[in-house]
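Structure, as structure tokens:
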Number of protein chains: 4
Amino acid sequence: MKLTKNFASDNHAGTHPEIMKALGRANTGYSLAYGDDEYTASAVRKIREHLGADVDVYFVFIGTAANVLGLKAITESFHAIICPETAHINVDECGALEKFTGCKLVTVPTVDGKLTPKQLAGKLQEIGNPHHNQPKVISISQSTEYGTVYTPDEVKALADFAHQHELYLHMDGARIANAAAGLNCTLGEVSIASGVDVLSLGGTKNGLMFGEAVVFSNRELGKNFKYFRKQGLQLMSKMRFLAVQFEALLTHDLWLRNARHANEMAQLLAHELATIPQIKITQKVESDGVFAIIPPQYIPAIQAKYEFGVWNEATSEVRLMTSFDIEESDVLDLVRVIKDCIR
Amino acid sequence: MKLTKNFASDNHAGTHPEIMKALGRANTGYSLAYGDDEYTASAVRKIREHLGADVDVYFVFIGTAANVLGLKAITESFHAIICPETAHINVDECGALEKFTGCKLVTVPTVDGKLTPKQLAGKLQEIGNPHHNQPKVISISQSTEYGTVYTPDEVKALADFAHQHELYLHMDGARIANAAAGLNCTLGEVSIASGVDVLSLGGTKNGLMFGEAVVFSNRELGKNFKYFRKQGLQLMSKMRFLAVQFEALLTHDLWLRNARHANEMAQLLAHELATIPQIKITQKVESDGVFAIIPPQYIPAIQAKYEFGVWNEATSEVRLMTSFDIEESDVLDLVRVIKDCIR
Amino acid sequence: MKLTKNFASDNHAGTHPEIMKALGRANTGYSLAYGDDEYTASAVRKIREHLGADVDVYFVFIGTAANVLGLKAITESFHAIICPETAHINVDECGALEKFTGCKLVTVPTVDGKLTPKQLAGKLQEIGNPHHNQPKVISISQSTEYGTVYTPDEVKALADFAHQHELYLHMDGARIANAAAGLNCTLGEVSIASGVDVLSLGGTKNGLMFGEAVVFSNRELGKNFKYFRKQGLQLMSKMRFLAVQFEALLTHDLWLRNARHANEMAQLLAHELATIPQIKITQKVESDGVFAIIPPQYIPAIQAKYEFGVWNEATSEVRLMTSFDIEESDVLDLVRVIKDCIR
Amino acid sequence: MKLTKNFASDNHAGTHPEIMKALGRANTGYSLAYGDDEYTASAVRKIREHLGADVDVYFVFIGTAANVLGLKAITESFHAIICPETAHINVDECGALEKFTGCKLVTVPTVDGKLTPKQLAGKLQEIGNPHHNQPKVISISQSTEYGTVYTPDEVKALADFAHQHELYLHMDGARIANAAAGLNCTLGEVSIASGVDVLSLGGTKNGLMFGEAVVFSNRELGKNFKYFRKQGLQLMSKMRFLAVQFEALLTHDLWLRNARHANEMAQLLAHELATIPQIKITQKVESDGVFAIIPPQYIPAIQAKYEFGVWNEATSEVRLMTSFDIEESDVLDLVRVIKDCIR
């Protein structure tokens, strides 16, 4: 069963053809295992070109692992990690963070998935009190789970707040490419250069077969990560096949072409939906997702043609995700289906 | 830097061309994420053809994860897992087992990497004593880290012993294909059909780009595994690209062709080394590895041409691994180099 | 520095004289260690008289341990434990629960520290979805952190809800004696007999030097607890000195005399405060704590005479705890001080 | 059932009368909870008098906790802790160390329970290799589980070795008093002053009701311990009752009187046993335990009169422990019983 395209997840797309080609190129002869190979060294250099010469880079398989292990590297078990209530690490990782780090997540309700320094002030009251987890990290998602983005200035404000209070700033960048494309910024400007200490650099949602990178702003922060990666079940033996995907993604602006396209499709979709009076767009469309309230009676019929998820049953808010290989015709056909169902 | 072939690890080889083709085939259109796709269902059916209709099957990225999460599914934190001193879970996984399960490894010295019921009797003394970890699992490797194999009868004897004492039998099958090929048995006969409760079914060392499967002998044992897999950082989003590799490996006997070839190359190597009086083969050659004592003064010169590992510095015992794509000419050239160095 | 009495915590009191006498009685000759002694057997019998013949009983040092290890015994690491936002396990245990069990706490906002089945319905949506922690336990405190209590019928309603959904009901009974005394019920009626599966039976806050018990409603639930207790750092070697305290607490109604007295002192305090127009009692006074809003400008002067805690800085709500050995004159003197400061 | 005295464990004795008196003295009025009280401050000062002005001191309930949490404070989860095979943390703590720290124990076989730098050299080979736990701590017991002791020079040699290799030296001092008494040294000379970084300072086996202390050689090492103690289930609320016991133990040389007496009883016992030709003393008697081979046919009859443990079934080696309140007449009666049984 091949699926028609859908709007349920940017994970339903396949692997970009340029990535497939890179995998084929890497499949030549023997190569040292576990990352001691030339493909890995080259991919690390590429990431440093984008994120800074001093960053420390480690490849892992999936986003959950990038988040959990990146956070493990900068916490002790008694720490608290502050994040929005909607954070992927809080709601979508089956408690992987708590299991592996022992830390507690302290969650902050938000309207748009974004934290601000103002919201955080009240979370730092119990410093030094052994009855309470000690705040150590602020974790944000770029772009957020609501498709919104942090400007570099907003990231800087959070980083400054964090560093003033001896906290770290962690960024879940599963969709950082979409954020950077949406802001017309470099990958660095929306993350490390604005003060992020540890970044999960996403690949899978932007056209890779699999693969994420954990990027530390400096090598001191990452010095023990190779052990956490192995102990955390993320050290790939034939590493060249992970690294070469990142190399390709960061070459000839593939990351940007893919992200920009997905974002444009989201803009198109939002623009079209805005013309339907029964539908209300609920979040700014700044990356590759559109959040909208669709009256519940219409949803099943639409889903029968195009899969997508209901984000909030209570309010009938849905999430419509685009991707690097959704096409304009797919979007327009979805809009047609919606209009048909609602009419 | 492309490496010439070497004998350091079966992880240094690339991806088999039939696997690459399968990856290409799967890269068509959209597919449900996280294993709810047709490729995954098909690969599970294939594994059931080989290992039994009732087995429960879950794909993970790497062997360490297959071992750790498979063992987590059948233990409580206060349990002990009994294994040979040389077990991969004991010496090569950076304590991943202890970190994720909390269990203690109770190790048994062996001469050939193999356990027998006789050796285990003394390990079950403290049953019911809360000061001691309670034995719950016997873990064996098939083939072992020494390249030796367990016959189906030997596996059955261990399984019977385990089940009589209310223990489980776990098998690290990173190289199970080599064991089955060496024994001229099916994959099932050397594992599940002989009483193994949980099997790590290896793929990477036999030609996959990446991928292992955790196989439970029945669905009750595996009932919570989907949660442990997610919490244990092993749920791949674009799962079709993992599953399709297993599908290809188990089709047209690719698993057997690859394993048999690697084993034959090991036999050839052992046969040739046996003609060199200064070298002593130390273990039976029953799968894809040859263990031999080479006088230490010759080793650096040989390694300058072909990489391989020194297994035991004290005795100057080395490990020479073949693989699915090492060729007869590679083996003979290695032998030539060795002879040149020793002469 | 001996403190004058205060209202900051029921942990600031000492050890009841009858408990001290019991400790002296137990200090005779030799006794088997680790609970294999007659004092322990006798204390277990006593608890069974109060809580039911089939309960399984284990002594631990502190309430945090009783909660964490009792919950560990009935959960897997991927489970969620649902509790009120104000639960001690959520806010006052430095993440001990997350560290030791790996579970996630799912918190429910309440006005009085109490859960109802109605509030819980929305928390059971993601059953079977591996991306989300699976709900397994509802945890309530009896009495609550706000000093309120659950009637036996309220406990039953939660137990029925839990069992219908294949969840367990856990009760943090650090102050269960105060709850039972306030409800004029037996210890069993407010806990096990109303459907609680696992109970932390408190002792320290009711006059012991130290000591809590983990009580399982049946022996199957507790069958592995002796291992979790040892592994969880709670197996006392000279156990007789813990057990004999519980024996004394449950003899001649000491538990009830102590709890009733503390409750009466709380009633007296609340009655007196109600006469002060600037003060507003915020919670029903049903056990040994009084919650009240005192205008912030008066608090420092009152605290200079009698220590107590500010529960909520934002609303200037304070917590005033009584105890088994606070006296009427202490309460009246506190009231006098408050009136003096406010006047 | 009051036991007659026995030789099974120094945990079967009760609480020394001077400790009971101290508990009574502390039971006066109110006291701040969780260690913010004068009794705790005073006990810490006392320990500093014995172990050095710069040490950082924290009280916990039991020895297992002192070991596990002290080691947690100086390790990451990927570390290895090197210890003798016979170490209590390895064989008698139900895997508490692995569960709480995630670390692996690397064990060294010894003849007398003691490590030497020479034995350790081979354990430091895999530094920097992410496939292997990284050695970080050497853990020794003073006195050992065989009753033998390390001289200050022997401790220094291990500390120097550890520090040269950037490891820490941890000491399980459950019976440090017996070691110091046996060596005619101060508590400091046999531990911190000789280079120990983290010490479990035992109390329970030397006459306390319960209580151990974790002592760090400097405050930097202990800076996060208060959080680990709370998260590790060891923060006592009515702390004064733990602290005051240590105060009493370290006053008027109670620690030394108790330990010296137990040691003398062990010497007496060993001296008498040496006169029985069928019995062979197997270890130097340097603290409060005697290890001896007694022919197996005699053991049950002796145990019928006096409990003690068989240490090694295979060799019929038994362990006979004395204690602070065993008396000369008890020892002589045991010897009489043994002679009667053997005759």
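By order of appearance in the structure tokens: chains A, B, ..., then residues from 1 within every chain, and ligands from 1 in the order shown.
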Write out as a list in words each polymer residue whose atoms come within 12 Å of Ala274 in chain D, counting only C-alpha atoms; drop sequence neighbours fewer than 6 positions from it.
-> Gln267, Leu268, Lys280, Ile281, Thr282, Val285, Val290, Phe291, Ala292, Ile293, Ile294, Val335 and Lys339 of chain D
Distance limit 9 Å, atoms considered: only C-alpha atoms. Which chain A residues sit that close to chain B? Return them as a compact mmCIF listing (two decimals) with N, CA and C atoms, in the first residue's frame.
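After the write, iface_28.txt holds the following:
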```txt
# COMPACT_ATOMS: atom_id res chain seq x y z
N MET A 1 0.82 -1.21 0.00
CA MET A 1 0.00 0.00 0.00
C MET A 1 0.86 1.27 0.00
N LYS A 2 0.97 1.90 -1.14
CA LYS A 2 1.62 3.22 -1.15
C LYS A 2 0.57 4.24 -0.79
N LEU A 3 0.91 5.13 0.11
CA LEU A 3 -0.02 6.19 0.47
C LEU A 3 0.01 7.28 -0.57
N THR A 4 -1.15 7.89 -0.82
CA THR A 4 -1.10 9.18 -1.46
C THR A 4 -0.46 10.11 -0.44
N LYS A 5 -0.06 11.24 -0.91
CA LYS A 5 0.55 12.18 0.02
C LYS A 5 -0.46 12.59 1.09
N ASN A 6 0.03 13.03 2.22
CA ASN A 6 -0.89 13.45 3.28
C ASN A 6 -0.29 14.62 4.04
N SER A 9 2.16 14.37 8.83
CA SER A 9 3.48 14.44 9.46
C SER A 9 4.55 14.65 8.40
N ASN A 11 7.14 13.25 8.66
CA ASN A 11 7.83 11.95 8.68
C ASN A 11 7.28 10.97 7.67
N HIS A 12 6.21 11.32 7.00
CA HIS A 12 5.60 10.38 6.07
C HIS A 12 6.23 10.45 4.69
N ALA A 13 6.93 11.53 4.45
CA ALA A 13 7.66 11.63 3.18
C ALA A 13 8.82 10.64 3.19
N GLY A 14 9.41 10.42 2.03
CA GLY A 14 10.53 9.49 1.93
C GLY A 14 11.86 10.20 2.09
N THR A 15 12.83 9.74 1.32
CA THR A 15 14.19 10.26 1.37
C THR A 15 14.43 11.06 0.09
N HIS A 16 15.01 12.24 0.23
CA HIS A 16 15.25 13.08 -0.93
C HIS A 16 16.23 12.39 -1.90
N PRO A 17 16.00 12.51 -3.21
CA PRO A 17 16.88 11.82 -4.17
C PRO A 17 18.36 12.17 -4.01
N MET A 20 19.65 9.95 -1.36
CA MET A 20 19.82 8.57 -1.85
C MET A 20 21.11 8.43 -2.65
N LEU A 23 24.07 8.28 -0.35
CA LEU A 23 24.20 6.95 0.27
C LEU A 23 24.89 5.98 -0.68
N GLY A 24 24.52 6.05 -1.93
CA GLY A 24 25.16 5.19 -2.92
C GLY A 24 26.65 5.50 -3.05
N ALA A 26 28.61 6.65 -0.83
CA ALA A 26 29.38 6.21 0.35
C ALA A 26 29.56 4.71 0.40
N ASN A 27 28.81 3.99 -0.41
CA ASN A 27 28.86 2.53 -0.34
C ASN A 27 29.96 1.97 -1.23
N THR A 28 31.16 2.41 -0.97
CA THR A 28 32.30 1.99 -1.77
C THR A 28 33.40 1.49 -0.86
N GLY A 29 33.71 0.26 -0.96
CA GLY A 29 34.85 -0.26 -0.22
C GLY A 29 34.64 -0.27 1.28
N TYR A 30 35.75 -0.40 1.98
CA TYR A 30 35.73 -0.50 3.43
C TYR A 30 35.90 0.87 4.05
N SER A 31 35.43 0.98 5.26
CA SER A 31 35.52 2.25 5.97
C SER A 31 35.60 1.94 7.46
N LEU A 32 36.40 2.69 8.19
CA LEU A 32 36.46 2.46 9.63
C LEU A 32 35.08 2.66 10.24
N ALA A 33 34.77 1.86 11.23
CA ALA A 33 33.44 1.91 11.85
C ALA A 33 33.38 2.98 12.93
N TYR A 34 32.18 3.24 13.42
CA TYR A 34 31.93 4.05 14.61
C TYR A 34 32.38 5.50 14.48
N ASP A 37 35.89 7.62 10.31
CA ASP A 37 36.02 7.55 8.87
C ASP A 37 36.00 8.95 8.27
N GLU A 38 36.35 9.02 7.03
CA GLU A 38 36.49 10.30 6.33
C GLU A 38 35.12 10.96 6.07
N TYR A 39 34.10 10.16 5.83
CA TYR A 39 32.76 10.75 5.61
C TYR A 39 32.31 11.53 6.84
N PHE A 61 20.79 8.71 15.71
CA PHE A 61 19.79 8.23 14.77
C PHE A 61 18.54 9.10 14.71
N ILE A 62 18.02 9.47 15.87
CA ILE A 62 16.69 10.10 15.89
C ILE A 62 16.65 11.31 16.81
N GLY A 63 15.58 12.08 16.62
CA GLY A 63 15.42 13.32 17.36
C GLY A 63 15.26 13.12 18.85
N THR A 64 14.52 12.11 19.25
CA THR A 64 14.36 11.84 20.68
C THR A 64 15.73 11.61 21.31
N ALA A 65 16.57 10.86 20.63
CA ALA A 65 17.91 10.59 21.15
C ALA A 65 18.75 11.86 21.20
N VAL A 68 17.44 13.78 24.27
CA VAL A 68 17.69 13.15 25.57
C VAL A 68 19.18 13.12 25.88
N GLU A 93 7.68 11.75 23.89
CA GLU A 93 8.87 10.89 23.93
C GLU A 93 8.76 9.80 24.99
N CYS A 94 7.54 9.48 25.40
CA CYS A 94 7.28 8.33 26.29
C CYS A 94 8.15 8.36 27.55
N GLY A 95 8.45 9.57 28.01
CA GLY A 95 9.24 9.66 29.24
C GLY A 95 10.69 9.30 29.07
N ALA A 96 11.18 9.31 27.82
CA ALA A 96 12.59 8.95 27.59
C ALA A 96 13.54 9.87 28.36
N LEU A 97 13.18 11.13 28.45
CA LEU A 97 14.03 12.10 29.15
C LEU A 97 14.13 11.75 30.63
N LYS A 99 13.52 8.88 32.07
CA LYS A 99 14.17 7.57 32.26
C LYS A 99 15.69 7.68 32.18
N PHE A 100 16.18 8.40 31.18
CA PHE A 100 17.62 8.37 30.95
C PHE A 100 18.38 9.38 31.80
N THR A 204 15.95 14.34 9.69
CA THR A 204 14.93 13.42 9.18
C THR A 204 13.73 14.14 8.60
N MET A 209 16.94 10.06 5.22
CA MET A 209 16.35 8.77 5.55
C MET A 209 16.24 8.63 7.07
N PHE A 210 17.28 9.08 7.75
CA PHE A 210 17.32 9.13 9.22
C PHE A 210 18.54 9.95 9.56
N TYR A 227 30.75 9.03 25.19
CA TYR A 227 30.38 7.94 26.09
C TYR A 227 28.87 7.87 26.29
N PHE A 228 28.25 9.03 26.44
CA PHE A 228 26.79 9.03 26.58
C PHE A 228 26.12 8.48 25.32
N LYS A 230 27.30 6.22 23.22
CA LYS A 230 27.41 4.75 23.19
C LYS A 230 26.47 4.15 24.24
N GLN A 231 26.57 4.64 25.46
CA GLN A 231 25.74 4.09 26.54
C GLN A 231 24.25 4.32 26.25
N GLY A 232 23.95 5.38 25.50
CA GLY A 232 22.58 5.73 25.16
C GLY A 232 22.09 5.08 23.87
N LEU A 233 22.78 4.08 23.39
CA LEU A 233 22.31 3.23 22.28
C LEU A 233 22.25 3.96 20.95
N GLN A 234 23.18 4.89 20.72
CA GLN A 234 23.10 5.70 19.51
C GLN A 234 24.39 5.72 18.70
N LEU A 235 25.32 4.84 18.98
CA LEU A 235 26.56 4.84 18.20
C LEU A 235 26.40 3.89 17.01
N MET A 236 26.28 4.46 15.83
CA MET A 236 26.08 3.65 14.62
C MET A 236 27.42 3.05 14.20
N SER A 237 27.40 1.79 13.83
CA SER A 237 28.68 1.17 13.43
C SER A 237 29.11 1.66 12.04
N LYS A 238 28.23 1.55 11.07
CA LYS A 238 28.59 2.01 9.72
C LYS A 238 28.22 3.49 9.60
N PHE A 241 27.22 6.09 6.65
CA PHE A 241 25.91 6.22 6.01
C PHE A 241 25.00 7.22 6.71
```
Contacts of range 143-146 of chain B within 6 Å, only C-alpha atoms, excl. fewer than 2 positions in-chain, as a PDB file with N, CA and C atoms, in the first residue's frame:
```
ATOM      1  N   GLY B 113      34.116 -18.945  25.063  1.00  0.00           N
ATOM      2  CA  GLY B 113      33.013 -18.005  24.942  1.00  0.00           C
ATOM      3  C   GLY B 113      31.646 -18.638  25.125  1.00  0.00           C
ATOM      4  N   SER B 141      25.788 -15.656  23.309  1.00  0.00           N
ATOM      5  CA  SER B 141      25.971 -15.076  21.982  1.00  0.00           C
ATOM      6  C   SER B 141      26.095 -16.201  20.964  1.00  0.00           C
ATOM      7  N   THR B 148      32.919 -19.174  18.014  1.00  0.00           N
ATOM      8  CA  THR B 148      32.390 -20.531  18.212  1.00  0.00           C
ATOM      9  C   THR B 148      30.860 -20.492  18.189  1.00  0.00           C
ATOM     10  N   VAL B 149      30.261 -21.669  18.012  1.00  0.00           N
ATOM     11  CA  VAL B 149      28.796 -21.712  17.907  1.00  0.00           C
ATOM     12  C   VAL B 149      28.226 -22.731  18.890  1.00  0.00           C
ATOM     13  N   ARG B 175      25.581 -12.197  15.130  1.00  0.00           N
ATOM     14  CA  ARG B 175      26.136 -13.025  14.039  1.00  0.00           C
ATOM     15  C   ARG B 175      25.414 -14.368  13.954  1.00  0.00           C
ATOM     16  N   ILE B 176      24.125 -14.374  14.200  1.00  0.00           N
ATOM     17  CA  ILE B 176      23.375 -15.634  14.179  1.00  0.00           C
ATOM     18  C   ILE B 176      23.392 -16.265  12.788  1.00  0.00           C
ATOM     19  N   ALA B 179      26.360 -18.367  12.485  1.00  0.00           N
ATOM     20  CA  ALA B 179      26.221 -19.594  13.266  1.00  0.00           C
ATOM     21  C   ALA B 179      25.351 -20.601  12.519  1.00  0.00           C
TER      22      ALA B 179
END
```
Please identify which residues in range 126-305 of chain B DSSP calls strand (DSSP E or B) from the backbone, and express them as a PyMOL selection string.
-> chain B and resi 134-141+168-173+198-201+212-216+280-281+289-293
How would the residues just picked look written out with N, CA and C atoms as a PDB file, in the first residue's frame?
```pdb
ATOM      1  N   GLN B 134      18.867 -11.045  41.958  1.00  0.00           N
ATOM      2  CA  GLN B 134      18.225 -12.336  41.726  1.00  0.00           C
ATOM      3  C   GLN B 134      18.417 -12.755  40.268  1.00  0.00           C
ATOM      4  N   PRO B 135      19.037 -13.903  40.031  1.00  0.00           N
ATOM      5  CA  PRO B 135      19.244 -14.375  38.655  1.00  0.00           C
ATOM      6  C   PRO B 135      17.920 -14.504  37.921  1.00  0.00           C
ATOM      7  N   LYS B 136      17.877 -13.970  36.695  1.00  0.00           N
ATOM      8  CA  LYS B 136      16.626 -14.048  35.928  1.00  0.00           C
ATOM      9  C   LYS B 136      16.859 -14.419  34.477  1.00  0.00           C
ATOM     10  N   VAL B 137      18.037 -14.161  33.963  1.00  0.00           N
ATOM     11  CA  VAL B 137      18.296 -14.398  32.549  1.00  0.00           C
ATOM     12  C   VAL B 137      19.685 -15.009  32.377  1.00  0.00           C
ATOM     13  N   ILE B 138      19.766 -15.961  31.467  1.00  0.00           N
ATOM     14  CA  ILE B 138      21.060 -16.424  30.958  1.00  0.00           C
ATOM     15  C   ILE B 138      21.198 -15.836  29.564  1.00  0.00           C
ATOM     16  N   SER B 139      22.298 -15.165  29.312  1.00  0.00           N
ATOM     17  CA  SER B 139      22.499 -14.547  27.992  1.00  0.00           C
ATOM     18  C   SER B 139      23.693 -15.170  27.296  1.00  0.00           C
ATOM     19  N   ILE B 140      23.469 -15.651  26.099  1.00  0.00           N
ATOM     20  CA  ILE B 140      24.551 -16.246  25.306  1.00  0.00           C
ATOM     21  C   ILE B 140      24.628 -15.552  23.944  1.00  0.00           C
ATOM     22  N   SER B 141      25.788 -15.656  23.309  1.00  0.00           N
ATOM     23  CA  SER B 141      25.971 -15.076  21.982  1.00  0.00           C
ATOM     24  C   SER B 141      26.095 -16.201  20.964  1.00  0.00           C
ATOM     25  N   TYR B 168      14.990 -16.900  32.042  1.00  0.00           N
ATOM     26  CA  TYR B 168      14.851 -16.788  30.594  1.00  0.00           C
ATOM     27  C   TYR B 168      16.195 -17.041  29.917  1.00  0.00           C
ATOM     28  N   LEU B 169      16.119 -17.471  28.671  1.00  0.00           N
ATOM     29  CA  LEU B 169      17.333 -17.585  27.859  1.00  0.00           C
ATOM     30  C   LEU B 169      17.324 -16.501  26.780  1.00  0.00           C
ATOM     31  N   HIS B 170      18.326 -15.635  26.834  1.00  0.00           N
ATOM     32  CA  HIS B 170      18.483 -14.552  25.858  1.00  0.00           C
ATOM     33  C   HIS B 170      19.638 -14.888  24.934  1.00  0.00           C
ATOM     34  N   MET B 171      19.485 -14.564  23.669  1.00  0.00           N
ATOM     35  CA  MET B 171      20.554 -14.810  22.712  1.00  0.00           C
ATOM     36  C   MET B 171      20.914 -13.520  21.973  1.00  0.00           C
ATOM     37  N   ASP B 172      22.191 -13.154  22.079  1.00  0.00           N
ATOM     38  CA  ASP B 172      22.725 -12.058  21.273  1.00  0.00           C
ATOM     39  C   ASP B 172      23.096 -12.651  19.916  1.00  0.00           C
ATOM     40  N   GLY B 173      22.231 -12.441  18.929  1.00  0.00           N
ATOM     41  CA  GLY B 173      22.443 -13.025  17.618  1.00  0.00           C
ATOM     42  C   GLY B 173      22.992 -12.046  16.603  1.00  0.00           C
ATOM     43  N   VAL B 198      14.265 -14.692  24.066  1.00  0.00           N
ATOM     44  CA  VAL B 198      14.433 -13.384  23.435  1.00  0.00           C
ATOM     45  C   VAL B 198      15.704 -13.410  22.609  1.00  0.00           C
ATOM     46  N   LEU B 199      15.577 -12.987  21.371  1.00  0.00           N
ATOM     47  CA  LEU B 199      16.690 -13.043  20.421  1.00  0.00           C
ATOM     48  C   LEU B 199      16.959 -11.660  19.850  1.00  0.00           C
ATOM     49  N   SER B 200      18.226 -11.259  19.860  1.00  0.00           N
ATOM     50  CA  SER B 200      18.660 -10.117  19.057  1.00  0.00           C
ATOM     51  C   SER B 200      19.061 -10.663  17.695  1.00  0.00           C
ATOM     52  N   LEU B 201      18.261 -10.383  16.703  1.00  0.00           N
ATOM     53  CA  LEU B 201      18.486 -10.919  15.355  1.00  0.00           C
ATOM     54  C   LEU B 201      19.309  -9.901  14.564  1.00  0.00           C
ATOM     55  N   GLU B 212      18.690  -4.143  13.334  1.00  0.00           N
ATOM     56  CA  GLU B 212      18.613  -5.393  14.081  1.00  0.00           C
ATOM     57  C   GLU B 212      17.134  -5.566  14.447  1.00  0.00           C
ATOM     58  N   ALA B 213      16.784  -6.783  14.823  1.00  0.00           N
ATOM     59  CA  ALA B 213      15.418  -7.019  15.276  1.00  0.00           C
ATOM     60  C   ALA B 213      15.447  -7.702  16.631  1.00  0.00           C
ATOM     61  N   VAL B 214      14.515  -7.306  17.481  1.00  0.00           N
ATOM     62  CA  VAL B 214      14.313  -8.022  18.744  1.00  0.00           C
ATOM     63  C   VAL B 214      13.143  -8.967  18.523  1.00  0.00           C
ATOM     64  N   VAL B 215      13.391 -10.248  18.770  1.00  0.00           N
ATOM     65  CA  VAL B 215      12.374 -11.264  18.513  1.00  0.00           C
ATOM     66  C   VAL B 215      12.059 -11.984  19.827  1.00  0.00           C
ATOM     67  N   PHE B 216      10.781 -11.939  20.210  1.00  0.00           N
ATOM     68  CA  PHE B 216      10.330 -12.649  21.407  1.00  0.00           C
ATOM     69  C   PHE B 216       9.675 -13.948  20.967  1.00  0.00           C
ATOM     70  N   LYS B 280      49.533 -20.113  15.938  1.00  0.00           N
ATOM     71  CA  LYS B 280      48.706 -21.143  16.554  1.00  0.00           C
ATOM     72  C   LYS B 280      47.246 -20.678  16.569  1.00  0.00           C
ATOM     73  N   ILE B 281      46.387 -21.443  15.915  1.00  0.00           N
ATOM     74  CA  ILE B 281      44.952 -21.150  15.961  1.00  0.00           C
ATOM     75  C   ILE B 281      44.447 -21.495  17.357  1.00  0.00           C
ATOM     76  N   GLY B 289      35.101 -15.705  12.150  1.00  0.00           N
ATOM     77  CA  GLY B 289      36.283 -15.150  12.798  1.00  0.00           C
ATOM     78  C   GLY B 289      37.342 -16.205  13.034  1.00  0.00           C
ATOM     79  N   VAL B 290      38.603 -15.772  12.955  1.00  0.00           N
ATOM     80  CA  VAL B 290      39.726 -16.655  13.237  1.00  0.00           C
ATOM     81  C   VAL B 290      40.529 -16.033  14.375  1.00  0.00           C
ATOM     82  N   PHE B 291      40.742 -16.808  15.437  1.00  0.00           N
ATOM     83  CA  PHE B 291      41.560 -16.352  16.563  1.00  0.00           C
ATOM     84  C   PHE B 291      42.871 -17.132  16.532  1.00  0.00           C
ATOM     85  N   ALA B 292      43.966 -16.387  16.628  1.00  0.00           N
ATOM     86  CA  ALA B 292      45.264 -17.042  16.480  1.00  0.00           C
ATOM     87  C   ALA B 292      46.327 -16.278  17.249  1.00  0.00           C
ATOM     88  N   ILE B 293      47.292 -17.018  17.732  1.00  0.00           N
ATOM     89  CA  ILE B 293      48.446 -16.370  18.363  1.00  0.00           C
ATOM     90  C   ILE B 293      49.502 -16.135  17.298  1.00  0.00           C
TER      91      ILE B 293
END
```
In Å, rounded to a single decimal, give me how far CA of Thr75 in chain C is from CA of Leu115 in chain C.
-> 20.3 Å
Just the residues within 9 Å of Thr151 in chain B, please, counting only C-alpha atoms, with nothing from its chain fewer than 4 positions along; format it as a list of chain:residue names.
->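 Near neighbours after the sequence-gap exclusion: B:Val155, B:Lys156, B:Ala179, B:Leu183, B:Glu189, B:Val190.
From CA of Glu18 in chain D back to CA of Leu254 in chain D, the distance works out to 8.3 Å.
Reported to one decimal place, the separation of CA of Cys83 in chain A from CA of Asn133 in chain A is 14.2 Å.
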Write down as a PyMOL selection string the residues belonging to range 175-328 of chain D that are assigned alpha helix (DSSP H) by DSSP computed on the backbone.
-> chain D and resi 176-183+225-231+240-249+254-273+299-305+328
